[in-house]
Every structure is written in C-alpha cells, then in structure tokens.
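Trainee: Here it is, the structure, as structure tokens.
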Amino acid sequence: MTLDPNTLLTILAMMAATVATRLGGLLLVSHFTLTPRLKKALGVVPPAVLMAVVTPTALASGPAETIACALTAIAALRFSLLPAAALGVASVALLRGIGL
C-alpha cells in the first residue's frame with residue numbers, strides 16, 4: 001500500500017484546520033462570560049450541524065433515508081450527538097432491510 005504525498009498533505013491540513021478551529025473556539029470563549037442564553041444557543045449547534053450534514057442525503061435519496069433523517073432530527077433534540085447519529089444509522093439500516 002502506498003500513500004500519495006498529496007493525500008497525506010491534505011489529511012494533515014484538515015487535521016491542522018480542525019485543531020486550530022477547536023483551540024480557537026476554546027480560547028475565544030475563555031475571554032467571555034457565558035450567559036444562560038448564550039449557553040443555550042451554543043447547545044443547539046451540534047444538532048444543527050448534524051442536520052446540515054444529513055438533510056441533503058435524506059432529500060436526495062429514498063424514503064428510508066428521509067424517515068431516518070426525521071428520526072435523527074427528533075433524537076438530536078433529546079440526546080447528545082453520538083446517540084442521535086447512531087439512531088439514524090440504525091434506523092436507515094433497519095428501514096432498508098425491510099424494503100423501504
């Protein structure tokens with residue numbers, strides 16, 4: 001197995017961008033007092049990002065994906081990101097398995 005230098009460079013650049021974004025956010029937030037309203041607003045960011053990633057596939061695919069996306073959206077309102085995403089994956093697999 002060989003690794004293309006451009007692929008490796010791209011992976012490393014994406015890693016650096018991810019780390020810089022996370023550290024930058026932590027440093028920025030540490031200079032502010034988080035009000036309850038701001039904490040609540042920041043709490044809805046993960047479900048919004050999840051829906052932004054999932055929705056295009058759900059709307060461009062079949063009914064199994066659309067139903068699973070709706071279930072994931074409802075779960076994201078009640079649970080953290082990982083269980084909501086796991087429910088979405090499991091539900092689309094189950095719905096495809098039954099022929100939807």
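Convention: chains lettered A, B, ... in structure tokens order; per-chain residue numbering from 1; ligands numbered from 1 as shown.
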Using DSSP secondary structure from the backbone, list all alpha helix (DSSP H) positions within segment 25-90 of chain A, as an MDAnalysis selection string.
Mentor: chainID A and resid 25:30 36:43 45:60 63:78 81:90
Trainee: Might you pull out every residue within 8 Å of Leu100 of chain A, with only C-alpha atoms counted and same-chain residues fewer than 6 positions away left off, and present them as a list in words?
Mentor: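 In the requested format, the answer is Gly62, Pro63 and Ala64 of chain A.
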Trainee: Just want the 12 Å neighbourhood of Val45 of chain A, counted on only C-alpha atoms, with same-chain residues fewer than 4 positions away dropped. Output as a CSV table (one decimal) with N, CA and C atoms, in the first residue's frame.
Mentor:
```csv
chain,number,residue,atom,x,y,z
A,38,LEU,N,-26.6,32.5,26.0
A,38,LEU,CA,-25.5,32.0,25.1
A,38,LEU,C,-25.2,30.6,25.2
A,39,LYS,N,-25.3,30.0,26.4
A,39,LYS,CA,-25.0,28.6,26.6
A,39,LYS,C,-26.1,27.8,25.9
A,40,LYS,N,-27.4,28.3,26.0
A,40,LYS,CA,-28.4,27.6,25.3
A,40,LYS,C,-28.2,27.6,23.8
A,41,ALA,N,-27.8,28.8,23.3
A,41,ALA,CA,-27.6,28.9,21.9
A,41,ALA,C,-26.5,28.0,21.4
A,49,VAL,N,-25.6,21.2,13.1
A,49,VAL,CA,-24.6,20.7,12.2
A,49,VAL,C,-24.9,19.3,11.7
A,50,LEU,N,-25.5,18.4,12.6
A,50,LEU,CA,-25.9,17.1,12.2
A,50,LEU,C,-26.9,17.2,11.1
A,51,MET,N,-27.9,18.0,11.3
A,51,MET,CA,-29.0,18.1,10.3
A,51,MET,C,-28.4,18.7,9.0
A,52,ALA,N,-27.5,19.6,9.0
A,52,ALA,CA,-26.9,20.2,7.8
A,52,ALA,C,-26.1,19.1,7.0
A,76,ALA,N,-31.9,14.1,18.0
A,76,ALA,CA,-30.9,15.2,18.3
A,76,ALA,C,-31.5,16.2,19.2
A,77,LEU,N,-32.8,16.4,19.3
A,77,LEU,CA,-33.3,17.4,20.2
A,77,LEU,C,-33.3,16.9,21.7
A,80,SER,N,-27.6,13.5,23.0
A,80,SER,CA,-26.3,14.1,22.5
A,80,SER,C,-26.1,13.6,21.1
A,81,LEU,N,-25.1,14.2,20.4
A,81,LEU,CA,-24.9,13.9,19.0
A,81,LEU,C,-24.6,12.5,18.7
```
Trainee: Just the residues within 9 Å of Leu87 of chain A, please, counting only C-alpha atoms, with nothing from its chain fewer than 4 positions along; format it as number ranges by chain.
Mentor: A: 68, 71-72, 75, 82-83, 91-92
Trainee: In Å to one decimal, how far is atom CA of Leu3 of chain A from atom CA of Val53 of chain A?
Mentor: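 Result for atom CA of Val53 of chain A versus atom CA of Leu3 of chain A: 27.9 Å, one decimal.
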